[in-house]
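Coordinates from my_file_6.cif are shown below (mmCIF, C-alpha atoms).
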```cif
data_run
loop_
_atom_site.label_atom_id
_atom_site.label_comp_id
_atom_site.auth_asym_id
_atom_site.auth_seq_id
_atom_site.Cartn_x
_atom_site.Cartn_y
_atom_site.Cartn_z
CA ASN A 100 0.00 0.00 0.00
CA PHE A 101 2.88 2.35 -0.69
CA TYR A 102 1.51 5.74 -1.78
CA VAL A 103 3.39 8.86 -2.82
CA GLU A 104 1.61 12.05 -1.70
CA ILE A 105 1.40 14.73 -4.39
CA PRO A 106 0.33 18.31 -3.50
CA LEU A 107 -3.16 19.14 -4.76
CA GLU A 108 -2.02 22.17 -6.77
CA ARG A 109 0.50 20.08 -8.74
CA THR A 110 -2.14 17.38 -9.20
CA LEU A 111 -4.63 19.84 -10.74
CA VAL A 112 -2.00 21.19 -13.14
CA ALA A 113 -0.98 17.67 -14.18
CA MET A 114 -4.56 16.47 -14.49
CA SER A 115 -5.43 19.37 -16.77
CA ARG A 116 -3.09 17.80 -19.36
CA MET A 117 -4.55 14.27 -19.17
CA ASP A 118 -6.61 12.83 -22.01
CA PRO A 119 -9.73 11.07 -20.63
CA LEU A 120 -10.04 9.06 -23.87
CA ARG A 121 -6.58 7.55 -23.34
CA GLY A 122 -7.01 6.31 -19.79
CA GLY A 123 -5.55 9.36 -18.16
CA GLU A 124 -2.31 9.36 -20.16
CA MET A 125 -0.54 12.64 -20.62
CA ASP A 126 -1.51 14.40 -23.84
CA ASP A 127 1.40 16.53 -25.07
CA SER A 128 -0.71 17.81 -27.95
CA MET A 129 -2.76 20.01 -25.60
CA ASP A 130 -1.68 23.60 -25.95
CA GLU A 131 -3.06 27.04 -25.49
CA ASN A 132 -5.62 26.43 -28.26
CA SER A 133 -7.21 23.44 -26.44
CA ASP A 134 -10.89 23.60 -25.60
CA PRO A 135 -11.26 24.92 -22.02
CA ILE A 136 -14.27 22.71 -21.26
CA ASP A 137 -12.39 19.59 -22.39
CA GLU A 138 -9.53 20.62 -20.15
CA LEU A 139 -11.92 21.09 -17.21
CA ILE A 140 -13.42 17.64 -17.86
CA ALA A 141 -9.97 16.07 -18.00
CA THR A 142 -8.98 17.83 -14.77
CA PHE A 143 -12.22 16.74 -13.09
CA GLN A 144 -11.71 13.09 -14.08
CA GLY A 145 -8.14 13.20 -12.82
CA VAL A 146 -9.19 14.65 -9.46
CA VAL A 147 -11.97 12.04 -9.07
CA SER A 148 -9.51 9.30 -9.97
CA GLN A 149 -7.02 10.47 -7.36
CA GLY A 150 -9.82 10.82 -4.82
CA ARG A 151 -10.86 7.20 -5.35
CA ARG A 152 -7.30 6.01 -4.93
CA LYS A 153 -7.12 8.03 -1.73
CA MET A 154 -10.35 6.42 -0.45
CA ASN A 155 -8.90 2.98 -1.20
CA ILE A 156 -5.78 3.57 0.89
CA ILE A 157 -7.34 5.47 3.84
CA PRO A 158 -8.65 2.29 5.55
CA HIS A 159 -5.07 0.92 5.55
CA VAL A 160 -3.28 4.12 6.63
CA ALA A 161 -1.63 4.30 10.03
CA THR A 162 -3.37 6.42 12.67
CA GLY A 163 -0.63 9.04 12.66
CA GLU A 164 -1.12 9.63 8.92
CA LEU A 165 -4.91 9.43 8.95
CA LYS A 166 -5.55 13.11 9.60
CA GLU A 167 -3.42 14.31 6.67
CA ASN A 168 -4.98 11.78 4.29
CA VAL A 169 -8.52 12.70 5.34
CA ARG A 170 -7.72 16.39 4.85
CA HIS A 171 -6.29 15.66 1.40
CA LEU A 172 -9.36 13.61 0.45
CA ALA A 173 -11.64 16.42 1.61
CA ASP A 174 -9.66 18.84 -0.57
CA LEU A 175 -10.00 16.51 -3.55
CA TYR A 176 -13.76 16.23 -2.99
CA ALA A 177 -14.14 20.01 -2.72
CA SER A 178 -12.05 20.47 -5.90
CA ALA A 179 -14.12 17.88 -7.78
CA LYS A 180 -17.34 19.61 -6.71
CA GLU A 181 -16.06 23.02 -7.79
CA LEU A 182 -14.85 21.61 -11.11
CA MET A 183 -18.24 19.97 -11.72
CA GLU A 184 -20.00 23.28 -11.10
CA LYS A 185 -17.51 25.06 -13.37
CA ILE A 186 -18.04 22.51 -16.15
CA GLU A 187 -21.83 22.93 -15.97
CA GLU A 188 -21.51 26.71 -15.97
CA GLU A 189 -19.12 26.79 -18.93
CA ALA A 190 -21.15 24.24 -20.90
CA HIS A 191 -24.38 26.22 -20.47
CA GLU A 192 -22.70 29.44 -21.59
CA THR A 193 -21.05 27.99 -24.71
CA PRO A 194 -22.98 28.27 -28.02
CA ASN A 195 -22.54 24.55 -28.88
CA ALA A 196 -23.67 23.14 -25.53
CA SER A 197 -25.04 19.96 -27.17
CA ARG A 198 -21.49 18.90 -28.00
CA TYR A 199 -20.75 18.43 -24.30
CA ALA A 200 -24.08 16.85 -23.30
CA ARG A 201 -22.75 13.28 -23.20
CA SER A 202 -19.54 14.24 -21.41
CA MET A 203 -21.51 16.22 -18.82
CA ARG A 204 -23.83 13.26 -18.15
CA LEU A 205 -20.84 10.98 -17.65
CA CYS A 206 -19.17 13.51 -15.38
CA ALA A 207 -22.38 13.97 -13.36
CA LYS A 208 -22.75 10.19 -12.87
CA ASP A 209 -19.07 9.90 -12.02
CA PHE A 210 -19.38 12.64 -9.42
CA GLU A 211 -22.53 11.10 -7.93
CA ARG A 212 -20.73 7.79 -7.42
CA PHE A 213 -17.67 9.57 -6.04
CA GLU A 214 -19.81 11.66 -3.68
CA GLU A 215 -21.67 8.56 -2.48
CA GLN A 216 -18.41 6.74 -1.78
CA TYR A 217 -16.95 9.82 -0.09
CA THR A 218 -20.02 10.29 2.15
CA ARG A 219 -20.11 6.62 3.10
CA LEU A 220 -16.41 6.64 3.98
CA MET A 221 -16.50 9.88 5.95
CA CYS A 222 -19.43 8.64 8.07
CA ARG A 223 -17.12 6.18 9.80
CA GLU A 224 -16.69 6.95 13.45
CA GLU A 225 -12.91 7.08 13.35
CA LEU A 226 -12.98 9.61 10.47
CA VAL A 227 -15.75 11.96 11.62
CA ARG A 228 -13.44 13.95 13.88
CA TYR A 229 -10.91 14.50 11.13
CA THR A 230 -13.70 15.35 8.68
CA ASN A 231 -14.99 18.09 10.98
CA GLU A 232 -11.47 19.45 11.43
CA ALA A 233 -10.97 19.47 7.68
CA ASP A 234 -14.29 21.29 7.20
CA GLU A 235 -13.32 23.85 9.84
CA GLU A 236 -9.95 24.42 8.19
CA ARG A 237 -11.64 24.75 4.81
CA GLN A 238 -14.09 27.29 6.20
CA GLY A 239 -11.19 29.18 7.71
CA LEU A 240 -9.44 29.20 4.34
CA ILE A 241 -12.63 30.42 2.67
CA VAL A 242 -12.89 33.27 5.19
CA GLU A 243 -9.22 34.14 4.66
CA ASN A 244 -9.70 34.05 0.88
CA ASN A 245 -12.75 36.31 1.20
CA LEU A 246 -10.78 38.70 3.37
CA MET A 247 -7.92 38.67 0.90
CA ALA A 248 -10.37 39.26 -1.95
CA GLY A 249 -11.90 42.16 -0.02
CA ASN A 250 -8.48 43.61 0.72
CA THR A 251 -7.50 43.17 -2.91
CA SER A 252 -10.67 44.95 -4.04
CA ALA A 253 -10.00 47.76 -1.57
CA MET A 254 -6.42 48.05 -2.81
CA GLU A 255 -7.58 48.09 -6.42
CA ALA A 256 -10.15 50.78 -5.59
CA GLY A 257 -7.44 52.76 -3.78
CA ILE A 258 -5.13 52.41 -6.78
CA ARG A 259 -7.92 53.57 -9.09
CA ARG A 260 -8.59 56.59 -6.87
CA LEU A 261 -4.87 57.29 -6.74
CA ASN A 262 -4.66 57.14 -10.54
CA GLU A 263 -7.69 59.40 -10.85
CA THR A 264 -6.17 61.82 -8.34
CA THR A 265 -2.89 61.73 -10.24
CA GLU A 266 -4.67 62.43 -13.52
CA THR A 267 -6.64 65.26 -11.90
CA GLY A 268 -3.43 66.64 -10.41
CA GLY A 269 -1.79 66.49 -13.85
CA VAL A 270 -4.69 68.41 -15.39
CA ILE A 271 -4.53 70.98 -12.59
CA MET A 272 -0.77 71.32 -12.99
CA SER A 273 -1.23 71.80 -16.72
CA ASP A 274 -3.85 74.49 -16.09
CA LEU A 275 -1.62 76.17 -13.51
CA LYS A 276 1.27 76.11 -15.96
CA GLY A 277 -0.90 77.77 -18.62
CA GLN A 278 -2.10 80.37 -16.11
CA SER A 279 1.48 80.98 -14.97
CA GLU A 280 2.57 81.60 -18.55
CA GLN A 281 -0.41 83.93 -19.05
CA LEU A 282 0.47 85.84 -15.86
CA LYS A 283 4.07 86.08 -17.02
CA ARG A 284 2.97 87.55 -20.32
CA THR A 285 0.68 89.97 -18.45
CA VAL A 286 3.56 91.04 -16.20
CA ASP A 287 5.75 91.56 -19.24
CA ARG A 288 3.08 93.75 -20.81
CA VAL A 289 2.73 95.72 -17.56
CA LEU A 290 6.49 96.22 -17.44
CA ASP A 291 6.50 97.37 -21.06
CA THR A 292 3.64 99.76 -20.28
CA GLY A 293 5.62 101.06 -17.27
CA GLU A 294 8.62 101.76 -19.48
CA VAL A 295 6.38 103.63 -21.94
CA LEU A 296 4.87 105.63 -19.09
CA LYS A 297 8.34 106.48 -17.75
CA GLU A 298 9.42 107.67 -21.19
CA SER A 299 6.22 109.68 -21.55
CA LYS A 300 6.83 111.23 -18.11
CA ARG A 301 10.33 112.24 -19.11
CA VAL A 302 8.98 113.84 -22.27
CA LEU A 303 6.24 115.65 -20.33
CA ASP A 304 8.78 116.82 -17.73
CA GLY A 305 10.96 118.19 -20.53
CA MET A 306 7.99 119.93 -22.08
CA ALA A 307 7.03 121.39 -18.69
CA ARG A 308 10.56 122.69 -18.14
CA ALA A 309 10.59 124.20 -21.62
CA ALA A 310 7.20 125.86 -21.00
CA THR A 311 8.44 127.28 -17.69
CA THR A 312 11.58 128.59 -19.37
CA ASN A 313 9.49 130.21 -22.09
CA LYS A 314 7.24 131.85 -19.48
CA LEU A 315 10.21 133.24 -17.58
CA THR A 316 11.80 134.52 -20.78
CA THR A 317 8.55 136.19 -21.80
CA ALA A 318 8.18 137.76 -18.35
CA LEU A 319 11.75 139.10 -18.47
CA ILE A 320 11.18 140.55 -21.91
CA ILE A 321 7.97 142.24 -20.73
CA LEU A 322 9.71 143.60 -17.65
CA LEU A 323 12.61 144.85 -19.78
CA GLU A 324 10.20 146.57 -22.15
CA ILE A 325 8.39 148.23 -19.20
CA PHE A 326 11.72 149.37 -17.80
CA VAL A 327 12.75 150.86 -21.15
CA ILE A 328 9.41 152.63 -21.48
CA CYS A 329 9.74 154.03 -17.96
CA VAL A 330 13.26 155.28 -18.66
CA ILE A 331 12.15 156.95 -21.86
CA PHE A 332 9.16 158.50 -20.14
CA TYR A 333 11.35 159.75 -17.31
CA PHE A 334 13.91 161.37 -19.51
CA LYS A 335 11.35 162.89 -21.79
CA PHE A 336 8.78 164.27 -19.37
CA VAL A 337 10.12 164.21 -15.82
CA ALA A 338 13.84 164.86 -15.83
CA PRO A 339 15.08 168.53 -15.55
CA GLY A 340 15.49 170.27 -18.88
CA SER A 341 13.20 167.80 -20.49
CA LYS A 342 11.06 170.75 -21.81
CA THR A 343 14.00 172.10 -23.74
#
```
Is it possible to express this structure as structure tokens?
Amino acid sequence: NFYVEIPLERTLVAMSRMDPLRGGEMDDSMDENSDPIDELIATFQGVVSQGRRKMNIIPHVATGELKENVRHLADLYASAKELMEKIEEEAHETPNASRYARSMRLCAKDFERFEEQYTRLMCREELVRYTNEADEERQGLIVENNLMAGNTSAMEAGIRRLNETTETGGVIMSDLKGQSEQLKRTVDRVLDTGEVLKESKRVLDGMARAATTNKLTTALIILLEIFVICVIFYFKFVAPGSKT
């Protein structure tokens, strides 16, 4: 009853490459273009096959190894159930569902027999305790997976908000850059206007000084003319001997 334990994840990967029409032999022709439903069926049949082998050896396993084998069988049963549900879902969604009708019936009957054997085996008194522990561990894993999924969703939402904030910040920065350039041009125009005003002020100051100079010159000329008239008037009419 020698049995080599293979991790469930490696088993599922290997089973996905088995050809159910060739007795479970490896099919190297399966590639990325293989039909996904056929691959699911092959994986399901491989998991059920391994589960049956596990059920055959559990009655002969030592007590110290019983817990691990029961847990592994419970995992295989849960995987087979999930694969069966996935096969039914995929087959109903595909346009040519009739193609898989016979394979689905065979898989359903195969799973019913496997489930019956699994239930009958797990009802044994010496296995019930390990079955409950396996169920509790599975429930704990489901809760952890749900928490991880929730955390992942929250992280994805946070990343989306961060990206949106970054995009908004980029738009704002672009707008601010445009406004900064506009303000710079406005300041340049104001400075140019200030230079023009300074030049105009210098011209007006020069004109004001010239006007003041002209006024003073005119006033001096008028005063000089008045003085000359007064001198002439004095010498002609007021000064002694002016009558002669």
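Between CA of Phe210 in chain A and CA of Glu184 in chain A the interatomic distance comes to 10.8 Å.
For the file shown, the residue list from the PyMOL selection byres ((chain A and resi 186-190) around 7) reads Ile136, Leu139, Ile140, Leu182, Met183, Glu184, Lys185, His191, Glu192, Thr193, Ala196 and Tyr199 of chain A.
Across A:Ile320, A:Cys329, A:Ala179, A:Leu290, the tightest approach to Thr142 in chain A is made by A:Ala179 when counting only C-alpha atoms.
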May I have the centre and edge lengths, in Å to one decimal, of an axis-aligned box around the listed atoms of range 246-255 of chain A with 4 Å added to every side, as lines of an AutoDock Vina configuration file?
```
center_x = -9.2
center_y = 43.4
center_z = -1.5
size_x = 13.5
size_y = 17.4
size_z = 17.8
```
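One distance worth recording is that between CA of Lys180 in chain A and CA of Asp137 in chain A, which is 16.4 Å.
Nearest residue to Gly145 in chain A among A:Val160, A:Leu165, A:Ile271, A:Leu175 is A:Leu175, counting only C-alpha atoms.
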Mind filling out range 268-284 of chain A with N, CA, C and O atoms and sending it as a PDB file, in the coordinates of the input?
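Contents of the output file result-v3.pdb:
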```pdb
ATOM      1  N   GLY A 268      -4.558  65.778 -10.758  1.00  0.00           N
ATOM      2  CA  GLY A 268      -3.430  66.640 -10.410  1.00  0.00           C
ATOM      3  C   GLY A 268      -2.649  67.066 -11.642  1.00  0.00           C
ATOM      4  O   GLY A 268      -2.209  68.218 -11.749  1.00  0.00           O
ATOM      5  N   GLY A 269      -2.490  66.131 -12.613  1.00  0.00           N
ATOM      6  CA  GLY A 269      -1.790  66.490 -13.850  1.00  0.00           C
ATOM      7  C   GLY A 269      -2.548  67.546 -14.626  1.00  0.00           C
ATOM      8  O   GLY A 269      -1.939  68.484 -15.168  1.00  0.00           O
ATOM      9  N   VAL A 270      -3.888  67.401 -14.686  1.00  0.00           N
ATOM     10  CA  VAL A 270      -4.690  68.410 -15.390  1.00  0.00           C
ATOM     11  C   VAL A 270      -4.580  69.763 -14.696  1.00  0.00           C
ATOM     12  O   VAL A 270      -4.430  70.814 -15.343  1.00  0.00           O
ATOM     13  N   ILE A 271      -4.646  69.731 -13.337  1.00  0.00           N
ATOM     14  CA  ILE A 271      -4.530  70.980 -12.590  1.00  0.00           C
ATOM     15  C   ILE A 271      -3.170  71.625 -12.798  1.00  0.00           C
ATOM     16  O   ILE A 271      -3.055  72.845 -12.986  1.00  0.00           O
ATOM     17  N   MET A 272      -2.121  70.792 -12.775  1.00  0.00           N
ATOM     18  CA  MET A 272      -0.770  71.320 -12.990  1.00  0.00           C
ATOM     19  C   MET A 272      -0.632  71.919 -14.380  1.00  0.00           C
ATOM     20  O   MET A 272       0.000  72.969 -14.564  1.00  0.00           O
ATOM     21  N   SER A 273      -1.260  71.259 -15.369  1.00  0.00           N
ATOM     22  CA  SER A 273      -1.230  71.800 -16.720  1.00  0.00           C
ATOM     23  C   SER A 273      -1.938  73.143 -16.792  1.00  0.00           C
ATOM     24  O   SER A 273      -1.454  74.099 -17.408  1.00  0.00           O
ATOM     25  N   ASP A 274      -3.113  73.219 -16.126  1.00  0.00           N
ATOM     26  CA  ASP A 274      -3.850  74.490 -16.090  1.00  0.00           C
ATOM     27  C   ASP A 274      -3.040  75.569 -15.382  1.00  0.00           C
ATOM     28  O   ASP A 274      -2.991  76.726 -15.834  1.00  0.00           O
ATOM     29  N   LEU A 275      -2.424  75.202 -14.253  1.00  0.00           N
ATOM     30  CA  LEU A 275      -1.620  76.170 -13.510  1.00  0.00           C
ATOM     31  C   LEU A 275      -0.433  76.646 -14.341  1.00  0.00           C
ATOM     32  O   LEU A 275      -0.061  77.830 -14.296  1.00  0.00           O
ATOM     33  N   LYS A 276       0.148  75.722 -15.102  1.00  0.00           N
ATOM     34  CA  LYS A 276       1.270  76.110 -15.960  1.00  0.00           C
ATOM     35  C   LYS A 276       0.822  77.113 -17.009  1.00  0.00           C
ATOM     36  O   LYS A 276       1.493  78.109 -17.282  1.00  0.00           O
ATOM     37  N   GLY A 277      -0.373  76.825 -17.622  1.00  0.00           N
ATOM     38  CA  GLY A 277      -0.900  77.770 -18.620  1.00  0.00           C
ATOM     39  C   GLY A 277      -1.207  79.114 -17.995  1.00  0.00           C
ATOM     40  O   GLY A 277      -0.899  80.168 -18.576  1.00  0.00           O
ATOM     41  N   GLN A 278      -1.811  79.109 -16.780  1.00  0.00           N
ATOM     42  CA  GLN A 278      -2.100  80.370 -16.110  1.00  0.00           C
ATOM     43  C   GLN A 278      -0.825  81.105 -15.729  1.00  0.00           C
ATOM     44  O   GLN A 278      -0.771  82.341 -15.799  1.00  0.00           O
ATOM     45  N   SER A 279       0.201  80.346 -15.324  1.00  0.00           N
ATOM     46  CA  SER A 279       1.480  80.980 -14.970  1.00  0.00           C
ATOM     47  C   SER A 279       2.098  81.670 -16.188  1.00  0.00           C
ATOM     48  O   SER A 279       2.595  82.801 -16.098  1.00  0.00           O
ATOM     49  N   GLU A 280       2.041  80.978 -17.332  1.00  0.00           N
ATOM     50  CA  GLU A 280       2.570  81.600 -18.550  1.00  0.00           C
ATOM     51  C   GLU A 280       1.766  82.847 -18.917  1.00  0.00           C
ATOM     52  O   GLU A 280       2.327  83.862 -19.350  1.00  0.00           O
ATOM     53  N   GLN A 281       0.427  82.760 -18.746  1.00  0.00           N
ATOM     54  CA  GLN A 281      -0.410  83.930 -19.050  1.00  0.00           C
ATOM     55  C   GLN A 281      -0.084  85.087 -18.116  1.00  0.00           C
ATOM     56  O   GLN A 281       0.005  86.245 -18.548  1.00  0.00           O
ATOM     57  N   LEU A 282       0.097  84.788 -16.810  1.00  0.00           N
ATOM     58  CA  LEU A 282       0.470  85.840 -15.860  1.00  0.00           C
ATOM     59  C   LEU A 282       1.832  86.429 -16.206  1.00  0.00           C
ATOM     60  O   LEU A 282       2.035  87.645 -16.072  1.00  0.00           O
ATOM     61  N   LYS A 283       2.750  85.582 -16.644  1.00  0.00           N
ATOM     62  CA  LYS A 283       4.070  86.080 -17.020  1.00  0.00           C
ATOM     63  C   LYS A 283       3.975  87.045 -18.195  1.00  0.00           C
ATOM     64  O   LYS A 283       4.614  88.099 -18.210  1.00  0.00           O
ATOM     65  N   ARG A 284       3.148  86.649 -19.181  1.00  0.00           N
ATOM     66  CA  ARG A 284       2.970  87.550 -20.320  1.00  0.00           C
ATOM     67  C   ARG A 284       2.313  88.856 -19.888  1.00  0.00           C
ATOM     68  O   ARG A 284       2.673  89.943 -20.362  1.00  0.00           O
TER      69      ARG A 284
END
```
